[in-house]
$ cat model.txt   # compact mmCIF, N, CA and C atoms
# COMPACT_ATOMS: atom_id res chain seq x y z
N MET A 1 0.84 -1.17 0.00
CA MET A 1 0.00 0.00 0.00
C MET A 1 0.90 1.24 0.00
N SER A 2 0.66 2.12 -0.95
CA SER A 2 1.44 3.35 -1.02
C SER A 2 0.88 4.39 -0.04
N LYS A 3 1.78 5.23 0.46
CA LYS A 3 1.38 6.29 1.38
C LYS A 3 2.04 7.59 0.94
N GLN A 4 1.34 8.69 1.16
CA GLN A 4 1.88 10.02 0.92
C GLN A 4 1.75 10.81 2.23
N TYR A 5 2.75 11.64 2.51
CA TYR A 5 2.78 12.41 3.74
C TYR A 5 2.78 13.90 3.40
N PHE A 6 1.91 14.66 4.08
CA PHE A 6 1.77 16.08 3.80
C PHE A 6 1.87 16.89 5.09
N ASN A 7 2.64 17.95 5.05
CA ASN A 7 2.72 18.93 6.13
C ASN A 7 2.59 20.32 5.49
N PRO A 8 1.35 20.78 5.25
CA PRO A 8 1.14 22.07 4.59
C PRO A 8 1.84 23.23 5.30
N ALA A 9 2.41 24.11 4.53
CA ALA A 9 3.16 25.26 5.07
C ALA A 9 2.27 26.19 5.90
N LEU A 10 0.97 26.18 5.66
CA LEU A 10 0.06 27.06 6.41
C LEU A 10 -0.25 26.55 7.82
N LEU A 11 0.27 25.36 8.15
CA LEU A 11 0.01 24.77 9.45
C LEU A 11 1.24 24.82 10.33
N ASN A 12 1.02 24.64 11.63
CA ASN A 12 2.11 24.72 12.61
C ASN A 12 3.16 23.63 12.39
N PRO A 13 4.38 23.86 12.86
CA PRO A 13 5.42 22.83 12.79
C PRO A 13 4.95 21.58 13.53
N THR A 14 5.37 20.41 13.04
CA THR A 14 4.82 19.16 13.58
C THR A 14 5.57 18.56 14.75
N ASN A 15 6.84 18.83 14.90
CA ASN A 15 7.58 18.26 16.02
C ASN A 15 7.47 16.75 16.10
N GLY A 16 7.61 16.07 14.97
CA GLY A 16 7.68 14.61 14.98
C GLY A 16 6.46 13.85 14.51
N TYR A 17 5.46 14.53 14.00
CA TYR A 17 4.31 13.82 13.43
C TYR A 17 3.98 14.44 12.08
N THR A 18 3.07 13.83 11.34
CA THR A 18 2.65 14.33 10.04
C THR A 18 1.21 14.80 10.15
N HIS A 19 0.90 15.96 9.56
CA HIS A 19 -0.47 16.47 9.59
C HIS A 19 -1.43 15.58 8.82
N VAL A 20 -1.02 15.12 7.63
CA VAL A 20 -1.91 14.37 6.76
C VAL A 20 -1.17 13.18 6.16
N VAL A 21 -1.82 12.01 6.20
CA VAL A 21 -1.28 10.84 5.52
C VAL A 21 -2.37 10.31 4.61
N ALA A 22 -2.04 10.17 3.33
CA ALA A 22 -2.96 9.59 2.36
C ALA A 22 -2.48 8.17 2.06
N ALA A 23 -3.37 7.21 2.21
CA ALA A 23 -3.03 5.80 1.99
C ALA A 23 -3.94 5.21 0.92
N ASP A 24 -3.66 3.97 0.57
CA ASP A 24 -4.49 3.26 -0.40
C ASP A 24 -4.56 4.03 -1.72
N GLY A 25 -3.38 4.44 -2.20
CA GLY A 25 -3.33 5.20 -3.45
C GLY A 25 -3.94 6.58 -3.34
N GLY A 26 -3.98 7.12 -2.14
CA GLY A 26 -4.54 8.46 -1.94
C GLY A 26 -6.02 8.46 -1.68
N ARG A 27 -6.65 7.29 -1.64
CA ARG A 27 -8.10 7.22 -1.43
C ARG A 27 -8.51 7.48 0.02
N THR A 28 -7.74 6.98 0.97
CA THR A 28 -8.06 7.17 2.38
C THR A 28 -7.10 8.19 2.97
N ILE A 29 -7.66 9.21 3.60
CA ILE A 29 -6.86 10.33 4.11
C ILE A 29 -7.08 10.45 5.61
N TYR A 30 -5.97 10.43 6.33
CA TYR A 30 -5.99 10.55 7.79
C TYR A 30 -5.42 11.91 8.17
N VAL A 31 -6.19 12.68 8.92
CA VAL A 31 -5.74 14.01 9.34
C VAL A 31 -5.51 13.99 10.85
N SER A 32 -4.28 14.33 11.24
CA SER A 32 -3.93 14.41 12.66
C SER A 32 -4.79 15.47 13.34
N GLY A 33 -4.90 15.34 14.65
CA GLY A 33 -5.65 16.32 15.42
C GLY A 33 -5.17 17.73 15.15
N GLN A 34 -6.11 18.60 14.81
CA GLN A 34 -5.80 20.00 14.53
C GLN A 34 -6.32 20.86 15.68
N VAL A 35 -5.51 21.85 16.02
CA VAL A 35 -5.85 22.80 17.07
C VAL A 35 -5.83 24.21 16.49
N SER A 36 -6.17 25.17 17.32
CA SER A 36 -6.31 26.55 16.86
C SER A 36 -4.98 27.30 16.89
N VAL A 37 -4.08 26.92 15.99
CA VAL A 37 -2.80 27.60 15.88
C VAL A 37 -2.51 27.93 14.43
N ASN A 38 -1.66 28.94 14.24
CA ASN A 38 -1.26 29.31 12.88
C ASN A 38 0.04 28.61 12.51
N GLU A 39 0.61 29.00 11.37
CA GLU A 39 1.82 28.35 10.86
C GLU A 39 3.04 28.55 11.76
N ARG A 40 3.00 29.51 12.64
CA ARG A 40 4.10 29.75 13.58
C ARG A 40 3.86 29.09 14.93
N GLY A 41 2.72 28.39 15.06
CA GLY A 41 2.39 27.74 16.32
C GLY A 41 1.74 28.66 17.33
N VAL A 42 1.33 29.87 16.89
CA VAL A 42 0.68 30.84 17.77
C VAL A 42 -0.80 30.51 17.89
N VAL A 43 -1.31 30.49 19.12
CA VAL A 43 -2.72 30.20 19.36
C VAL A 43 -3.58 31.32 18.80
N ILE A 44 -4.59 30.95 18.03
CA ILE A 44 -5.55 31.89 17.47
C ILE A 44 -6.83 31.76 18.31
N GLY A 45 -7.37 32.89 18.77
CA GLY A 45 -8.61 32.87 19.54
C GLY A 45 -8.43 32.44 20.98
N LYS A 46 -7.34 32.82 21.57
CA LYS A 46 -7.06 32.45 22.97
C LYS A 46 -8.26 32.84 23.85
N GLY A 47 -8.86 31.84 24.50
CA GLY A 47 -10.00 32.07 25.38
C GLY A 47 -11.33 32.25 24.67
N ASP A 48 -11.37 32.14 23.34
CA ASP A 48 -12.58 32.36 22.55
C ASP A 48 -12.97 31.06 21.85
N PRO A 49 -13.95 30.33 22.39
CA PRO A 49 -14.30 29.03 21.81
C PRO A 49 -14.70 29.10 20.33
N ARG A 50 -15.49 30.09 19.96
CA ARG A 50 -15.92 30.19 18.56
C ARG A 50 -14.73 30.42 17.63
N ALA A 51 -13.85 31.33 17.99
CA ALA A 51 -12.67 31.60 17.17
C ALA A 51 -11.80 30.36 17.04
N GLN A 52 -11.70 29.60 18.12
CA GLN A 52 -10.88 28.40 18.05
C GLN A 52 -11.51 27.33 17.16
N VAL A 53 -12.82 27.15 17.26
CA VAL A 53 -13.48 26.16 16.40
C VAL A 53 -13.33 26.57 14.93
N GLU A 54 -13.52 27.86 14.63
CA GLU A 54 -13.36 28.35 13.26
C GLU A 54 -11.95 28.08 12.74
N ARG A 55 -10.93 28.36 13.56
CA ARG A 55 -9.55 28.14 13.13
C ARG A 55 -9.25 26.66 12.94
N VAL A 56 -9.77 25.83 13.82
CA VAL A 56 -9.56 24.39 13.67
C VAL A 56 -10.13 23.92 12.34
N PHE A 57 -11.34 24.36 12.00
CA PHE A 57 -11.93 23.95 10.73
C PHE A 57 -11.15 24.51 9.55
N ALA A 58 -10.61 25.70 9.66
CA ALA A 58 -9.74 26.24 8.61
C ALA A 58 -8.50 25.36 8.44
N ASN A 59 -7.92 24.93 9.55
CA ASN A 59 -6.75 24.06 9.48
C ASN A 59 -7.11 22.70 8.88
N LEU A 60 -8.27 22.17 9.24
CA LEU A 60 -8.72 20.90 8.66
C LEU A 60 -8.90 21.02 7.14
N LYS A 61 -9.47 22.14 6.71
CA LYS A 61 -9.65 22.38 5.28
C LYS A 61 -8.31 22.40 4.56
N THR A 62 -7.32 23.04 5.16
CA THR A 62 -5.97 23.08 4.59
C THR A 62 -5.40 21.67 4.48
N CYS A 63 -5.59 20.87 5.50
CA CYS A 63 -5.10 19.49 5.48
C CYS A 63 -5.76 18.68 4.38
N LEU A 64 -7.07 18.77 4.29
CA LEU A 64 -7.79 18.03 3.27
C LEU A 64 -7.34 18.44 1.87
N ALA A 65 -7.22 19.74 1.64
CA ALA A 65 -6.81 20.24 0.33
C ALA A 65 -5.43 19.73 -0.05
N ALA A 66 -4.53 19.62 0.92
CA ALA A 66 -3.17 19.14 0.64
C ALA A 66 -3.19 17.73 0.05
N ALA A 67 -4.19 16.94 0.40
CA ALA A 67 -4.30 15.57 -0.10
C ALA A 67 -5.33 15.44 -1.21
N GLY A 68 -5.82 16.57 -1.72
CA GLY A 68 -6.78 16.54 -2.82
C GLY A 68 -8.20 16.18 -2.39
N ALA A 69 -8.55 16.51 -1.16
CA ALA A 69 -9.88 16.18 -0.64
C ALA A 69 -10.58 17.44 -0.15
N SER A 70 -11.83 17.27 0.25
CA SER A 70 -12.62 18.37 0.81
C SER A 70 -13.47 17.82 1.94
N PHE A 71 -14.22 18.69 2.59
CA PHE A 71 -15.09 18.25 3.67
C PHE A 71 -16.16 17.28 3.19
N ASN A 72 -16.51 17.32 1.90
CA ASN A 72 -17.49 16.37 1.37
C ASN A 72 -16.97 14.94 1.40
N ASP A 73 -15.66 14.76 1.53
CA ASP A 73 -15.06 13.42 1.55
C ASP A 73 -14.91 12.85 2.96
N VAL A 74 -15.23 13.64 3.98
CA VAL A 74 -15.02 13.22 5.37
C VAL A 74 -16.04 12.14 5.74
N VAL A 75 -15.52 11.02 6.30
CA VAL A 75 -16.39 9.92 6.73
C VAL A 75 -16.39 9.74 8.24
N LYS A 76 -15.39 10.30 8.94
CA LYS A 76 -15.30 10.17 10.40
C LYS A 76 -14.60 11.39 10.95
N ILE A 77 -15.16 11.95 12.02
CA ILE A 77 -14.56 13.12 12.66
C ILE A 77 -14.65 12.95 14.18
N ASN A 78 -13.55 13.23 14.86
CA ASN A 78 -13.49 13.12 16.31
C ASN A 78 -13.15 14.48 16.91
N TYR A 79 -13.92 14.86 17.92
CA TYR A 79 -13.72 16.13 18.62
C TYR A 79 -13.29 15.83 20.05
N TYR A 80 -12.29 16.55 20.51
CA TYR A 80 -11.83 16.46 21.90
C TYR A 80 -11.90 17.87 22.47
N VAL A 81 -12.80 18.08 23.44
CA VAL A 81 -13.09 19.42 23.93
C VAL A 81 -12.75 19.52 25.42
N VAL A 82 -11.91 20.50 25.75
CA VAL A 82 -11.51 20.72 27.13
C VAL A 82 -12.67 21.31 27.91
N ASP A 83 -12.93 20.76 29.10
CA ASP A 83 -14.00 21.25 29.99
C ASP A 83 -15.31 21.41 29.24
N LEU A 84 -15.76 20.35 28.61
CA LEU A 84 -16.95 20.35 27.77
C LEU A 84 -18.18 20.87 28.52
N LYS A 85 -18.85 21.85 27.87
CA LYS A 85 -20.08 22.44 28.40
C LYS A 85 -21.12 22.44 27.26
N PRO A 86 -22.42 22.51 27.58
CA PRO A 86 -23.43 22.52 26.52
C PRO A 86 -23.21 23.63 25.49
N GLU A 87 -22.78 24.82 25.94
CA GLU A 87 -22.57 25.91 24.97
C GLU A 87 -21.43 25.59 24.00
N SER A 88 -20.47 24.79 24.43
CA SER A 88 -19.39 24.37 23.53
C SER A 88 -19.95 23.52 22.40
N VAL A 89 -20.86 22.63 22.74
CA VAL A 89 -21.47 21.76 21.73
C VAL A 89 -22.24 22.59 20.72
N SER A 90 -22.97 23.58 21.18
CA SER A 90 -23.74 24.46 20.28
C SER A 90 -22.82 25.18 19.30
N ILE A 91 -21.71 25.69 19.79
CA ILE A 91 -20.76 26.40 18.92
C ILE A 91 -20.17 25.45 17.89
N ILE A 92 -19.78 24.27 18.32
CA ILE A 92 -19.21 23.28 17.40
C ILE A 92 -20.22 22.93 16.32
N ARG A 93 -21.45 22.68 16.72
CA ARG A 93 -22.50 22.33 15.74
C ARG A 93 -22.72 23.46 14.73
N GLU A 94 -22.73 24.68 15.21
CA GLU A 94 -22.94 25.83 14.33
C GLU A 94 -21.82 25.96 13.29
N VAL A 95 -20.59 25.85 13.73
CA VAL A 95 -19.45 25.96 12.81
C VAL A 95 -19.40 24.74 11.89
N ARG A 96 -19.60 23.57 12.46
CA ARG A 96 -19.57 22.33 11.68
C ARG A 96 -20.57 22.38 10.52
N LYS A 97 -21.74 22.95 10.79
CA LYS A 97 -22.79 23.03 9.77
C LYS A 97 -22.33 23.79 8.52
N LYS A 98 -21.40 24.73 8.68
CA LYS A 98 -20.89 25.51 7.54
C LYS A 98 -19.97 24.68 6.65
N HIS A 99 -19.44 23.58 7.19
CA HIS A 99 -18.41 22.84 6.47
C HIS A 99 -18.80 21.42 6.05
N LEU A 100 -19.56 20.73 6.86
CA LEU A 100 -19.86 19.33 6.60
C LEU A 100 -21.20 19.17 5.89
N ASN A 101 -21.33 18.09 5.17
CA ASN A 101 -22.53 17.80 4.40
C ASN A 101 -23.69 17.47 5.35
N ALA A 102 -24.71 18.30 5.37
CA ALA A 102 -25.86 18.12 6.27
C ALA A 102 -26.70 16.91 5.88
N ASP A 103 -26.76 16.59 4.58
CA ASP A 103 -27.56 15.45 4.13
C ASP A 103 -26.87 14.12 4.41
N HIS A 104 -25.54 14.12 4.41
CA HIS A 104 -24.77 12.91 4.66
C HIS A 104 -23.62 13.23 5.61
N PRO A 105 -23.94 13.53 6.87
CA PRO A 105 -22.86 13.89 7.81
C PRO A 105 -21.98 12.68 8.11
N PRO A 106 -20.72 12.94 8.44
CA PRO A 106 -19.83 11.83 8.77
C PRO A 106 -20.16 11.24 10.14
N ALA A 107 -19.68 10.03 10.36
CA ALA A 107 -19.73 9.47 11.70
C ALA A 107 -18.92 10.39 12.60
N SER A 108 -19.38 10.60 13.83
CA SER A 108 -18.73 11.57 14.70
C SER A 108 -18.63 11.07 16.13
N THR A 109 -17.59 11.55 16.80
CA THR A 109 -17.40 11.31 18.23
C THR A 109 -17.01 12.63 18.86
N LEU A 110 -17.65 12.98 19.98
CA LEU A 110 -17.29 14.19 20.72
C LEU A 110 -17.01 13.77 22.15
N VAL A 111 -15.80 14.07 22.61
CA VAL A 111 -15.37 13.65 23.93
C VAL A 111 -14.94 14.86 24.75
N GLY A 112 -15.44 14.95 25.97
CA GLY A 112 -14.98 15.98 26.89
C GLY A 112 -13.72 15.48 27.59
N ILE A 113 -12.70 16.35 27.65
CA ILE A 113 -11.43 15.97 28.26
C ILE A 113 -11.01 17.04 29.27
N SER A 114 -10.04 16.72 30.09
CA SER A 114 -9.61 17.69 31.10
C SER A 114 -8.54 18.64 30.57
N ALA A 115 -7.74 18.21 29.60
CA ALA A 115 -6.66 19.08 29.11
C ALA A 115 -6.12 18.58 27.77
N LEU A 116 -5.47 19.52 27.07
CA LEU A 116 -4.67 19.21 25.89
C LEU A 116 -3.23 19.62 26.19
N VAL A 117 -2.33 19.39 25.28
CA VAL A 117 -0.91 19.65 25.51
C VAL A 117 -0.64 21.10 25.91
N ASP A 118 -1.28 22.04 25.21
CA ASP A 118 -1.12 23.46 25.52
C ASP A 118 -2.36 23.92 26.29
N PRO A 119 -2.20 24.59 27.42
CA PRO A 119 -3.36 25.00 28.20
C PRO A 119 -4.28 26.02 27.50
N ASP A 120 -3.80 26.66 26.43
CA ASP A 120 -4.62 27.61 25.69
C ASP A 120 -5.47 26.95 24.61
N TRP A 121 -5.21 25.69 24.31
CA TRP A 121 -6.01 24.97 23.31
C TRP A 121 -7.31 24.51 23.96
N MET A 122 -8.43 24.82 23.32
CA MET A 122 -9.73 24.48 23.86
C MET A 122 -10.32 23.23 23.23
N LEU A 123 -9.85 22.88 22.02
CA LEU A 123 -10.33 21.66 21.37
C LEU A 123 -9.30 21.18 20.36
N GLU A 124 -9.43 19.91 20.03
CA GLU A 124 -8.61 19.29 18.99
C GLU A 124 -9.55 18.41 18.18
N VAL A 125 -9.38 18.44 16.85
CA VAL A 125 -10.27 17.69 15.97
C VAL A 125 -9.44 16.91 14.97
N GLU A 126 -9.74 15.63 14.82
CA GLU A 126 -9.07 14.77 13.83
C GLU A 126 -10.14 14.18 12.94
N LEU A 127 -9.74 13.75 11.74
CA LEU A 127 -10.74 13.18 10.84
C LEU A 127 -10.12 12.18 9.86
N ILE A 128 -11.03 11.45 9.23
CA ILE A 128 -10.68 10.52 8.15
C ILE A 128 -11.57 10.86 6.98
N ALA A 129 -10.98 10.88 5.78
CA ALA A 129 -11.75 11.14 4.56
C ALA A 129 -11.47 10.03 3.56
N VAL A 130 -12.41 9.79 2.67
CA VAL A 130 -12.25 8.83 1.59
C VAL A 130 -12.64 9.52 0.30
N VAL A 131 -11.72 9.51 -0.67
CA VAL A 131 -12.00 10.15 -1.97
C VAL A 131 -12.10 9.11 -3.06

$ encode --input "model.txt" --output "structure tokens"
Amino acid sequence: MSKQYFNPALLNPTNGYTHVVAADGGRTIYVSGQVSVNERGVVIGKGDPRAQVERVFANLKTCLAAAGASFNDVVKINYYVVDLKPESVSIIREVRKKHLNADHPPASTLVGISALVDPDWMLEVELIAVV
């Protein structure tokens, strides 16, 4: 099985992992957990859940595009949310609706967690796409 590895320049440095791996001839795309940071690793939307969700989805879009995919190709998405509250779920759903196919949404998992690596990160999202 052939694999391709992508680390788009618009995303933060990886420090030992790959942002996107395309396998099975590029048909199956695995996107590492994305957080609300820019290409320099600076947190975008510090303390602002909506800004962070928006930035995470922008980073996911960049990852998908690097492998020739889009949100329409997403089949599984996992959300990890620090100190999960009902209002967090509402914000995620609102932003998600702008990007994912409402008629055929991907399988999803949303997990509340106590912390991520950086204390300013409020959520991390990973996904799998099939093109």

$ closest_residue --input "model.txt" --among "A:Val75, A:Val117, A:Val43, A:Val37" --to "Val130 in chain A" --atoms "only N, CA and C atoms"
A:Val75

$ atom_distance --input "model.txt" --atom1 "CA of His19 in chain A" --atom2 "atom C of Val125 in chain A"
10.5 Å

$ closest_residue --input "model.txt" --among "A:Leu60, A:Ala66, A:Val95, A:Val35" --to "Pro8 in chain A" --atoms "only N, CA and C atoms"
A:Ala66

$ residues_near_point --input "model.txt" --point "(-17.5, 13.6, 9.3)" --cutoff "7 Å" --atoms "all atoms listed in the file" --output "PyMOL selection string"
chain A and resi 73-78+100+105-108+127-128

$ axis_aligned_box --input "model.txt" --around "range 25-35 of chain A" --padding-each-side "8 Å" --output "JSON"
{"center_x": -5.9, "center_y": 14.3, "center_z": 6.8, "size_x": 21.2, "size_y": 35.8, "size_z": 36.5}

$ closest_residue --input "model.txt" --among "A:Arg40, A:Arg27, A:Lys61, A:Arg50" --to "Ser88 in chain A" --atoms "only N, CA and C atoms"
A:Arg50

$ atom_distance --input "model.txt" --atom1 "CA of Gly45 in chain A" --atom2 "CA of Asn7 in chain A"
22.4 Å

$ closest_residue --input "model.txt" --among "A:Glu39, A:Glu94, A:Ser70, A:Phe6" --to "Glu54 in chain A" --atoms "only C-alpha atoms"
A:Glu94

$ select_by_dssp --input "model.txt" --residues "range 9-110 of chain A" --states "alpha helix (DSSP H)" --output "ChimeraX atom specification"
/A:49-66,86-99

$ closest_residue --input "model.txt" --among "A:Val21, A:Asn12, A:Asp118, A:Asn59" --to "Val42 in chain A" --atoms "only N, CA and C atoms"
A:Asn12

$ residues_around --input "model.txt" --residues "Tyr80 in chain A" --least-positions-apart "4" --cutoff "6.5 Å" --atoms "all atoms listed in the file" --output "list in words"
Thr109, Leu110, Val111, Gly112, Ile113, Met122, Leu123, Glu124, Val125 and Glu126 of chain A

$ atom_distance --input "model.txt" --atom1 "atom N of Tyr5 in chain A" --atom2 "CA of Val20 in chain A"
6.9 Å

$ build_atoms --input "model.txt" --residues "range 13-24 of chain A" --atoms "all heavy atoms" --output "short mmCIF file (atom, residue, chain, number, x, y, z; two decimals), in the coordinates of the input"
data_model
loop_
_atom_site.label_atom_id
_atom_site.label_comp_id
_atom_site.auth_asym_id
_atom_site.auth_seq_id
_atom_site.Cartn_x
_atom_site.Cartn_y
_atom_site.Cartn_z
N PRO A 13 4.38 23.86 12.86
CA PRO A 13 5.42 22.83 12.79
C PRO A 13 4.95 21.58 13.53
O PRO A 13 4.23 21.65 14.53
CB PRO A 13 6.61 23.47 13.51
CG PRO A 13 6.34 24.93 13.48
CD PRO A 13 4.86 25.09 13.48
N THR A 14 5.37 20.41 13.04
CA THR A 14 4.82 19.16 13.58
C THR A 14 5.57 18.56 14.75
O THR A 14 5.00 17.78 15.50
CB THR A 14 4.73 18.11 12.47
OG1 THR A 14 6.04 17.89 11.96
CG2 THR A 14 3.77 18.55 11.39
N ASN A 15 6.84 18.83 14.90
CA ASN A 15 7.58 18.26 16.02
C ASN A 15 7.47 16.75 16.10
O ASN A 15 7.21 16.18 17.16
CB ASN A 15 7.15 18.90 17.34
CG ASN A 15 7.39 20.39 17.36
OD1 ASN A 15 8.44 20.86 16.93
ND2 ASN A 15 6.42 21.16 17.83
N GLY A 16 7.61 16.07 14.97
CA GLY A 16 7.68 14.61 14.98
C GLY A 16 6.46 13.85 14.51
O GLY A 16 6.40 12.64 14.64
N TYR A 17 5.46 14.53 14.00
CA TYR A 17 4.31 13.82 13.43
C TYR A 17 3.98 14.44 12.08
O TYR A 17 4.55 15.46 11.70
CB TYR A 17 3.09 13.87 14.36
CG TYR A 17 2.47 15.24 14.53
CD1 TYR A 17 1.42 15.66 13.73
CD2 TYR A 17 2.95 16.12 15.49
CE1 TYR A 17 0.88 16.92 13.87
CE2 TYR A 17 2.40 17.38 15.65
CZ TYR A 17 1.36 17.77 14.83
OH TYR A 17 0.82 19.02 14.97
N THR A 18 3.07 13.83 11.34
CA THR A 18 2.65 14.33 10.04
C THR A 18 1.21 14.80 10.15
O THR A 18 0.37 14.12 10.75
CB THR A 18 2.76 13.21 8.98
OG1 THR A 18 4.12 12.78 8.93
CG2 THR A 18 2.32 13.68 7.61
N HIS A 19 0.90 15.96 9.56
CA HIS A 19 -0.47 16.47 9.59
C HIS A 19 -1.43 15.58 8.82
O HIS A 19 -2.55 15.34 9.27
CB HIS A 19 -0.54 17.89 9.01
CG HIS A 19 -0.08 18.95 9.95
ND1 HIS A 19 -0.77 19.30 11.08
CD2 HIS A 19 1.00 19.75 9.92
CE1 HIS A 19 -0.14 20.27 11.72
NE2 HIS A 19 0.95 20.56 11.04
N VAL A 20 -1.02 15.12 7.63
CA VAL A 20 -1.91 14.37 6.76
C VAL A 20 -1.17 13.18 6.16
O VAL A 20 -0.06 13.34 5.65
CB VAL A 20 -2.43 15.25 5.60
CG1 VAL A 20 -3.46 14.50 4.76
CG2 VAL A 20 -2.99 16.56 6.10
N VAL A 21 -1.82 12.01 6.20
CA VAL A 21 -1.28 10.84 5.52
C VAL A 21 -2.37 10.31 4.61
O VAL A 21 -3.49 10.07 5.04
CB VAL A 21 -0.85 9.74 6.51
CG1 VAL A 21 -0.37 8.51 5.76
CG2 VAL A 21 0.23 10.25 7.46
N ALA A 22 -2.04 10.17 3.33
CA ALA A 22 -2.96 9.59 2.36
C ALA A 22 -2.48 8.17 2.06
O ALA A 22 -1.31 7.96 1.74
CB ALA A 22 -3.00 10.42 1.09
N ALA A 23 -3.37 7.21 2.21
CA ALA A 23 -3.03 5.80 1.99
C ALA A 23 -3.94 5.21 0.92
O ALA A 23 -4.87 5.87 0.46
CB ALA A 23 -3.18 5.04 3.30
N ASP A 24 -3.66 3.97 0.57
CA ASP A 24 -4.49 3.26 -0.40
C ASP A 24 -4.56 4.03 -1.72
O ASP A 24 -5.63 4.29 -2.24
CB ASP A 24 -5.88 3.03 0.19
CG ASP A 24 -6.73 2.07 -0.64
OD1 ASP A 24 -6.17 1.25 -1.38
OD2 ASP A 24 -7.98 2.17 -0.54
#
